[in-house]
Structure formats: C-alpha cells, structure tokens
$ cat my_file15.txt   # compact mmCIF, C-alpha atoms
# COMPACT_ATOMS: atom_id res chain seq x y z
CA MET G 1 -15.44 -7.68 -11.10
CA ALA G 2 -16.98 -5.89 -8.09
CA PHE G 3 -17.53 -2.15 -7.87
CA ALA G 4 -18.72 0.09 -5.04
CA ARG G 5 -20.12 3.56 -5.64
CA LEU G 6 -18.85 5.67 -2.74
CA GLY G 7 -19.83 9.29 -3.16
CA GLU G 8 -17.70 10.90 -5.87
CA VAL G 9 -15.70 7.76 -6.61
CA THR G 10 -16.38 4.22 -7.75
CA LEU G 11 -13.89 1.68 -6.45
CA HIS G 12 -13.09 -1.61 -8.09
CA TYR G 13 -12.25 -4.29 -5.52
CA ARG G 14 -11.92 -7.98 -4.85
CA ASP G 15 -13.40 -9.53 -1.73
CA GLU G 16 -12.14 -13.11 -1.53
CA GLY G 17 -12.29 -15.93 0.99
CA PRO G 18 -14.93 -16.93 3.53
CA ARG G 19 -17.26 -14.09 4.58
CA HIS G 20 -16.67 -14.82 8.27
CA GLY G 21 -12.94 -15.43 7.98
CA PRO G 22 -10.51 -13.11 9.77
CA PRO G 23 -10.32 -10.04 7.52
CA LEU G 24 -7.15 -8.79 5.87
CA VAL G 25 -7.30 -5.56 3.86
CA LEU G 26 -4.55 -4.97 1.29
CA LEU G 27 -3.82 -1.43 0.05
CA HIS G 28 -1.48 -1.03 -2.89
CA ALA G 29 1.27 1.45 -3.77
CA LEU G 30 1.23 4.44 -6.10
CA GLY G 31 1.35 3.42 -9.75
CA THR G 32 0.20 -0.15 -9.09
CA ASP G 33 -3.20 -1.75 -8.51
CA LEU G 34 -4.76 -4.61 -6.57
CA SER G 35 -2.83 -7.13 -8.66
CA LEU G 36 0.25 -6.12 -6.64
CA PHE G 37 -0.80 -8.88 -4.22
CA ASP G 38 -1.49 -11.68 -6.72
CA THR G 39 1.69 -13.58 -5.92
CA LEU G 40 1.47 -12.97 -2.18
CA ILE G 41 -2.10 -14.12 -1.50
CA PRO G 42 -1.65 -17.85 -2.27
CA LEU G 43 1.23 -17.91 0.21
CA LEU G 44 -0.85 -16.56 3.12
CA PRO G 45 -2.75 -18.73 5.62
CA PRO G 46 -5.98 -20.26 4.29
CA GLY G 47 -9.33 -19.05 5.60
CA LEU G 48 -8.64 -15.32 5.48
CA ARG G 49 -11.21 -12.92 4.06
CA ILE G 50 -9.04 -10.74 1.84
CA LEU G 51 -10.29 -7.36 0.61
CA ARG G 52 -8.17 -5.43 -1.88
CA PRO G 53 -9.38 -2.32 -3.69
CA ASP G 54 -7.93 -0.34 -6.54
CA ALA G 55 -7.31 3.13 -5.13
CA ARG G 56 -9.03 6.05 -6.83
CA GLY G 57 -7.23 6.90 -10.04
CA HIS G 58 -5.76 3.39 -10.32
CA GLY G 59 -6.68 0.09 -11.91
CA ALA G 60 -10.37 -0.16 -12.77
CA SER G 61 -11.49 2.43 -10.19
CA SER G 62 -12.78 5.79 -11.36
CA VAL G 63 -10.43 8.71 -11.94
CA PRO G 64 -11.64 11.95 -10.36
CA PRO G 65 -9.78 15.12 -11.36
CA ALA G 66 -6.47 15.67 -9.57
CA PRO G 67 -5.28 16.60 -7.01
CA TYR G 68 -6.44 14.19 -4.33
CA ALA G 69 -6.13 14.66 -0.58
CA MET G 70 -4.86 11.86 1.63
CA GLY G 71 -8.06 12.27 3.63
CA ALA G 72 -10.03 11.31 0.53
CA LEU G 73 -8.00 8.13 0.04
CA ILE G 74 -8.59 7.26 3.70
CA ARG G 75 -12.33 7.92 3.36
CA ASP G 76 -12.46 5.68 0.29
CA ALA G 77 -10.98 2.76 2.23
CA GLU G 78 -13.18 3.48 5.25
CA ALA G 79 -16.36 3.65 3.19
CA LEU G 80 -15.59 0.44 1.30
CA ILE G 81 -14.79 -1.50 4.49
CA ASP G 82 -17.94 -0.14 6.14
CA SER G 83 -20.09 -1.01 3.14
CA LEU G 84 -18.96 -4.64 3.34
CA GLY G 85 -19.59 -4.90 7.09
CA ILE G 86 -15.96 -5.65 7.92
CA ARG G 87 -14.63 -4.97 11.42
CA ASP G 88 -11.41 -5.74 13.30
CA ALA G 89 -9.32 -6.17 10.16
CA VAL G 90 -5.59 -6.32 9.85
CA VAL G 91 -4.77 -3.67 7.27
CA MET G 92 -1.64 -4.03 5.17
CA GLY G 93 -0.58 -0.95 3.25
CA VAL G 94 2.34 -0.69 0.85
CA SER G 95 4.01 2.72 0.42
CA MET G 96 1.04 5.02 -0.38
CA GLY G 97 -1.24 2.30 0.99
CA GLY G 98 0.72 2.41 4.25
CA LEU G 99 -0.12 6.09 4.66
CA VAL G 100 -3.79 5.22 4.12
CA ALA G 101 -3.53 2.42 6.69
CA GLN G 102 -2.06 4.76 9.30
CA GLY G 103 -4.73 7.39 8.72
CA LEU G 104 -7.50 4.79 8.82
CA ALA G 105 -6.22 3.35 12.10
CA VAL G 106 -6.16 6.79 13.70
CA LYS G 107 -9.69 7.52 12.48
CA ARG G 108 -11.42 4.15 12.90
CA LEU G 109 -9.92 1.75 15.42
CA ASP G 110 -13.14 -0.25 15.27
CA LEU G 111 -12.16 -1.23 11.74
CA VAL G 112 -8.45 -1.84 12.33
CA ARG G 113 -7.11 -4.27 14.93
CA GLY G 114 -3.60 -4.46 13.50
CA MET G 115 -1.41 -3.04 10.75
CA VAL G 116 1.26 -4.30 8.39
CA LEU G 117 3.18 -1.25 7.19
CA SER G 118 5.17 -2.43 4.20
CA ASN G 119 7.84 -0.18 2.72
CA THR G 120 6.19 2.98 3.93
CA ALA G 121 6.60 5.77 6.46
CA ALA G 122 4.65 8.40 8.36
CA ARG G 123 5.93 10.91 5.80
CA ILE G 124 7.32 9.98 2.38
CA GLY G 125 9.50 12.61 0.74
CA ASN G 126 8.39 16.24 0.74
CA ALA G 127 6.11 18.51 -1.22
CA ALA G 128 8.86 19.87 -3.48
CA LEU G 129 9.99 16.38 -4.51
CA TRP G 130 6.48 15.26 -5.37
CA GLU G 131 5.57 18.49 -7.14
CA ALA G 132 8.63 18.05 -9.36
CA ARG G 133 7.59 14.48 -10.20
CA ILE G 134 4.02 15.60 -10.93
CA ALA G 135 5.33 18.28 -13.29
CA GLU G 136 7.50 15.67 -15.03
CA VAL G 137 4.54 13.35 -15.53
CA ARG G 138 2.31 16.18 -16.76
CA ALA G 139 4.96 17.10 -19.32
CA GLY G 140 6.06 13.68 -20.51
CA GLY G 141 3.67 11.05 -19.21
CA ILE G 142 4.47 8.35 -16.68
CA ALA G 143 7.08 6.89 -19.04
CA ALA G 144 9.19 9.97 -18.26
CA LEU G 145 9.89 8.65 -14.77
CA SER G 146 9.36 4.91 -15.14
CA GLU G 147 13.09 4.12 -15.37
CA ALA G 148 13.83 6.05 -12.17
CA THR G 149 10.81 4.50 -10.47
CA LEU G 150 11.92 0.96 -11.29
CA ALA G 151 15.38 1.79 -9.94
CA ARG G 152 13.75 2.74 -6.64
CA TRP G 153 11.39 -0.25 -6.66
CA PHE G 154 13.59 -3.21 -7.55
CA PRO G 155 17.19 -4.28 -6.92
CA ARG G 156 19.48 -5.30 -9.73
CA PRO G 157 19.45 -7.75 -11.42
CA PHE G 158 15.74 -8.25 -10.69
CA ARG G 159 14.69 -5.02 -12.39
CA ASP G 160 16.21 -6.14 -15.68
CA GLY G 161 14.10 -9.32 -15.68
CA PRO G 162 10.67 -9.96 -17.19
CA ILE G 163 8.67 -9.53 -13.98
CA ALA G 164 10.03 -6.03 -13.34
CA GLN G 165 9.52 -5.10 -16.99
CA ASP G 166 5.92 -6.22 -16.71
CA TRP G 167 5.53 -3.87 -13.77
CA ARG G 168 7.08 -1.08 -15.82
CA ALA G 169 4.32 -1.62 -18.38
CA ARG G 170 1.66 -1.59 -15.66
CA LEU G 171 3.11 1.59 -14.17
CA GLU G 172 3.12 3.30 -17.56
CA ALA G 173 -0.50 2.20 -18.13
CA THR G 174 -1.64 4.02 -14.96
CA SER G 175 -3.83 7.05 -15.60
CA VAL G 176 -1.74 10.23 -15.61
CA GLU G 177 -4.57 12.05 -13.83
CA GLY G 178 -4.84 9.30 -11.23
CA TRP G 179 -1.08 9.11 -10.66
CA CYS G 180 -0.80 12.89 -10.29
CA GLY G 181 -3.81 13.02 -7.99
CA ALA G 182 -2.45 10.35 -5.66
CA ALA G 183 1.07 11.78 -5.78
CA ALA G 184 -0.36 15.09 -4.57
CA ALA G 185 -1.95 13.25 -1.64
CA ILE G 186 1.42 11.75 -0.68
CA ALA G 187 3.12 15.13 -1.06
CA HIS G 188 1.09 16.69 1.73
CA ALA G 189 0.68 13.71 4.06
CA ASP G 190 2.53 13.99 7.36
CA PHE G 191 1.42 11.48 10.00
CA LEU G 192 4.41 11.74 12.34
CA ALA G 193 2.30 13.16 15.17
CA THR G 194 -0.84 11.09 14.65
CA THR G 195 0.88 7.74 14.06
CA ALA G 196 2.72 8.28 17.35
CA THR G 197 -0.67 8.12 19.12
CA LEU G 198 -1.44 4.61 17.85
CA ARG G 199 -1.41 1.65 20.22
CA LEU G 200 -2.18 -1.44 18.18
CA PRO G 201 -0.23 -4.46 16.93
CA THR G 202 1.96 -3.38 14.04
CA LEU G 203 4.46 -5.10 11.77
CA ALA G 204 6.74 -2.88 9.70
CA ILE G 205 8.41 -4.54 6.70
CA ALA G 206 11.41 -3.01 4.95
CA GLY G 207 13.46 -4.04 1.92
CA GLY G 208 17.23 -3.94 2.10
CA HIS G 209 17.40 -2.52 -1.44
CA ASP G 210 14.43 -0.15 -1.17
CA ALA G 211 15.51 3.23 -2.54
CA SER G 212 12.04 4.78 -2.09
CA THR G 213 11.45 4.14 1.63
CA PRO G 214 14.82 2.87 2.91
CA PRO G 215 14.95 0.60 5.97
CA ASP G 216 15.90 3.42 8.37
CA MET G 217 12.83 5.39 7.30
CA VAL G 218 10.56 2.39 7.86
CA ARG G 219 12.18 1.67 11.22
CA GLU G 220 11.70 5.28 12.36
CA THR G 221 7.99 4.97 11.62
CA ALA G 222 7.76 1.63 13.43
CA ASP G 223 9.45 3.22 16.43
CA LEU G 224 6.58 5.70 16.70
CA ILE G 225 4.25 2.84 17.73
CA PRO G 226 5.13 1.17 21.04
CA GLY G 227 5.54 -2.60 20.77
CA SER G 228 5.69 -2.65 16.98
CA ARG G 229 7.73 -5.28 15.17
CA PHE G 230 10.31 -4.39 12.49
CA HIS G 231 11.26 -6.95 9.85
CA LEU G 232 13.96 -6.44 7.23
CA ILE G 233 13.95 -8.51 4.04
CA ARG G 234 17.53 -7.92 2.97
CA ALA G 235 17.23 -9.05 -0.65
CA ALA G 236 14.00 -7.12 -1.37
CA GLY G 237 13.32 -3.72 -2.85
CA HIS G 238 10.31 -1.45 -2.44
CA LEU G 239 7.77 -4.13 -3.40
CA PRO G 240 8.76 -7.31 -1.54
CA MET G 241 5.46 -8.98 -2.40
CA ILE G 242 6.85 -9.01 -5.96
CA ASP G 243 10.58 -9.70 -5.64
CA ALA G 244 10.57 -11.62 -2.33
CA ALA G 245 7.02 -12.97 -2.00
CA PRO G 246 7.81 -16.07 0.12
CA ALA G 247 9.80 -14.07 2.68
CA CYS G 248 7.13 -11.37 2.74
CA ALA G 249 4.37 -13.95 3.24
CA ASP G 250 6.34 -15.66 6.03
CA ALA G 251 6.70 -12.37 7.92
CA ILE G 252 3.01 -11.54 7.56
CA THR G 253 1.91 -15.05 8.56
CA ALA G 254 4.09 -15.01 11.67
CA PHE G 255 2.61 -11.65 12.66
CA LEU G 256 -0.99 -12.80 12.11
CA GLN G 257 -0.29 -15.86 14.25
CA GLU G 258 1.41 -13.84 17.00
CA ILE G 259 -1.57 -11.52 17.39
CA GLY G 260 -4.10 -14.38 17.20
CA HIS G 261 -5.66 -13.27 13.93
CA VAL G 262 -5.27 -16.73 12.42
$ encode --input "my_file15.txt" --output "structure tokens"
Amino acid sequence: MAFARLGEVTLHYRDEGPRHGPPLVLLHALGTDLSLFDTLIPLLPPGLRILRPDARGHGASSVPPAPYAMGALIRDAEALIDSLGIRDAVVMGVSMGGLVAQGLAVKRLDLVRGMVLSNTAARIGNAALWEARIAEVRAGGIAALSEATLARWFPRPFRDGPIAQDWRARLEATSVEGWCGAAAAIAHADFLATTATLRLPTLAIAGGHDASTPPDMVRETADLIPGSRFHLIRAAGHLPMIDAAPACADAITAFLQEIGHV
C-alpha cells in the first residue's frame, strides 16, 4: 500500500505499470474507492502507467472533517500527480471523479493531455438535492440511502446480483464523514463556464440505464468541449466499469489509440 502526505490529507494510491509508460489517472465516484477500476484495468492496453488514488474521505485515505470543497479534491489530485512526476496524463474521472478531472484540466493543462469523462457532468444535481442526502446520511447512516443509490447506479436485473450487492456493502462501509464531505463538494461544483473553455481531446461515456447522470446530461457536458467524442453504452448504468467492463474498456482503448496515447 502506498500513501502520500499532502498537506492536511494523506492519500492512499496505487501506481502500477512501467514508470515511463503513457500515464492514465483514474478518479473514482462518490461512495466507492480505487477498487472501482479493478475489473477494467486488465482489459486496457498493456504498458500504461496507471495511477489511481482513494479520494479524501474514501477507501484507505484520511478523513478530514466535512464539508470538503471541490477545489480541495482537485488540489489533492494535482499534488499527488505532481509528487510522482507525472505529466501529460489522460485523466479518467467517474461521476465525482469527472468533476475533479474537469477542474484539474482547467487548472493544470501541463498535467492533463486528454480526459475520459465517464458518467459525469459539469454540474451534478443541485445544492438542495445534495443537502437533503447529506441530512439523510447524518441521521441514518449511508445504509439509509444505499437502496436508492444502487437503483441509480445499476440497471435491473444486475443490481439484484452478487456484484451489485458487494458494491452496496462497499458503499455502506464508506466513512459517513467522508461521504458527507465529498457530497458537499459535489453540491457546490458548477463547471459549466470553465469546462466550456477547455480545448483538449475528450471522450464522454454514458450509460443507457444511468439514473444519476443520464445520457443527455453527459452529452450536454461533452458538447461544451469542441471536438469531444460521446459514447453511449446502452446496457450500462452509472458505473460501466462494473456492469459493462469490456465495452467500457473498448471505448477507452479506442480513444487512447485515436489520440496517440498508446
């Protein structure tokens, strides 16, 4: 296990593959951790240097007191990438991780040469929605909203199967403080204006059964970036690297090849 002390937070991360391989940074969704990509990684092209951290408040990373700001999540990713000497990475962010990827690209184009925005948007929900969810978790723990979360994450019948139920357990094991802190960051993140200034290769992936960031929302974000590619995985939900890993890997591989990253 690798850890990086970055100011007020200590991040757990995995840095795998050849040190001089083309870098791919993977940023997970709210209520998950770096294991979100376990099934996906073996399906990606060989030779990549793959960095994947646990966000603050998640996995084995430290849990500062809530609330968090999206700027802090972006600084965490920036500081970790800097500390490892990585430049010109393709950054893939899922849901919350996609917001971090957009903010990082705006701030540090020397670190980001391309983005994969998976099941995310420039703005996800609104402050009132997220404040209501935070209050629910504070009152009843993450289990209070795990059923509704799984309904947004996975299509039927997948969410009744053992893989989805394993992810329910992982969601419910997330720190309440960490979940609430990161949810507060999402609540106040609005990158509509700044993402529209980006000019870099971008692939946006949507799931046909995603009830959290539906395809139209993902497409609207992709349309902010000239020349971006939009890819719909019809059978997938909010986490296609879980319920449609081969199709997700194929889309990412094609994108990496198109932009000459592999």
$ residues_around --input "my_file15.txt" --residues "G:His28" --least-positions-apart "6" --cutoff "10 Å" --atoms "only C-alpha atoms" --output "list in words"
Leu34, Ser35, Leu36, Phe37, Arg52, Pro53, Asp54, Ala55, His58, Met92, Gly93, Val94, Ser95, Met96, Gly97, Gly98, Val100, Ser118 and Leu239 of chain G
$ residues_near_point --input "my_file15.txt" --point "(4.7, 4.2, 20.7)" --cutoff "10 Å" --atoms "only C-alpha atoms" --output "ChimeraX atom specification"
/G:195-200,221-228
$ residues_near_point --input "my_file15.txt" --point "(15.7, -1.4, 3.0)" --cutoff "10 Å" --atoms "all atoms listed in the file" --output "number ranges by chain"
G: 119, 205-219, 231-238
$ residues_around --input "my_file15.txt" --residues "G:Leu24" --least-positions-apart "3" --cutoff "8 Å" --atoms "all atoms listed in the file" --output "list in words"
Leu48, Arg49, Ile50, Leu51, Ala89, Val90, Val91 and Met92 of chain G
$ atom_distance --input "my_file15.txt" --atom1 "atom CA of G:Ile252" --atom2 "atom CA of G:Pro22"
13.8 Å
$ atom_distance --input "my_file15.txt" --atom1 "atom CA of G:Pro201" --atom2 "atom CA of G:Pro246"
22.0 Å
$ atom_distance --input "my_file15.txt" --atom1 "atom CA of G:Asp38" --atom2 "atom CA of G:Ile242"
8.8 Å
$ residues_around --input "my_file15.txt" --residues "G:Thr32" --least-positions-apart "6" --cutoff "10 Å" --atoms "all atoms listed in the file" --output "VMD selection string"
chain G and resid 54 to 55 58 to 59 167 to 168 170 to 174 179
$ closest_residue --input "my_file15.txt" --among "G:Ile124, G:Ala66, G:Leu192, G:Val116" --to "G:Val176" --atoms "all atoms listed in the file"
G:Ala66
$ closest_residue --input "my_file15.txt" --among "G:Gly181, G:Gly114, G:Pro18, G:Gly7" --to "G:Ala79" --atoms "all atoms listed in the file"
G:Gly7
$ residues_around --input "my_file15.txt" --residues "G:Met1" --least-positions-apart "6" --cutoff "8 Å" --atoms "all atoms listed in the file" --output "PDB file with C-alpha atoms, keeping the file's coordinate frame"
ATOM      1  CA  HIS G  12     -13.090  -1.610  -8.090  1.00  0.00           C
ATOM      2  CA  TYR G  13     -12.250  -4.290  -5.520  1.00  0.00           C
ATOM      3  CA  ARG G  14     -11.920  -7.980  -4.850  1.00  0.00           C
TER       4      ARG G  14
END
$ closest_residue --input "my_file15.txt" --among "G:Ala187, G:Leu80, G:Ala4, G:Ala69" --to "G:Leu129" --atoms "all atoms listed in the file"
G:Ala187
$ closest_residue --input "my_file15.txt" --among "G:Thr39, G:Gly178, G:Ile186, G:Arg19" --to "G:Gly71" --atoms "all atoms listed in the file"
G:Ile186
$ closest_residue --input "my_file15.txt" --among "G:Phe255, G:Pro67, G:Asp110, G:Pro23" --to "G:Pro46" --atoms "only C-alpha atoms"
G:Pro23
$ closest_residue --input "my_file15.txt" --among "G:Thr120, G:Thr253, G:Thr10, G:Thr194" --to "G:Ala105" --atoms "only C-alpha atoms"
G:Thr194
$ residues_around --input "my_file15.txt" --residues "stretch 143-146 of chain G" --least-positions-apart "2" --cutoff "8 Å" --atoms "all atoms listed in the file" --output "list in words"
Arg133, Glu136, Val137, Gly140, Gly141, Ala148, Thr149, Leu150, Arg168, Leu171 and Glu172 of chain G
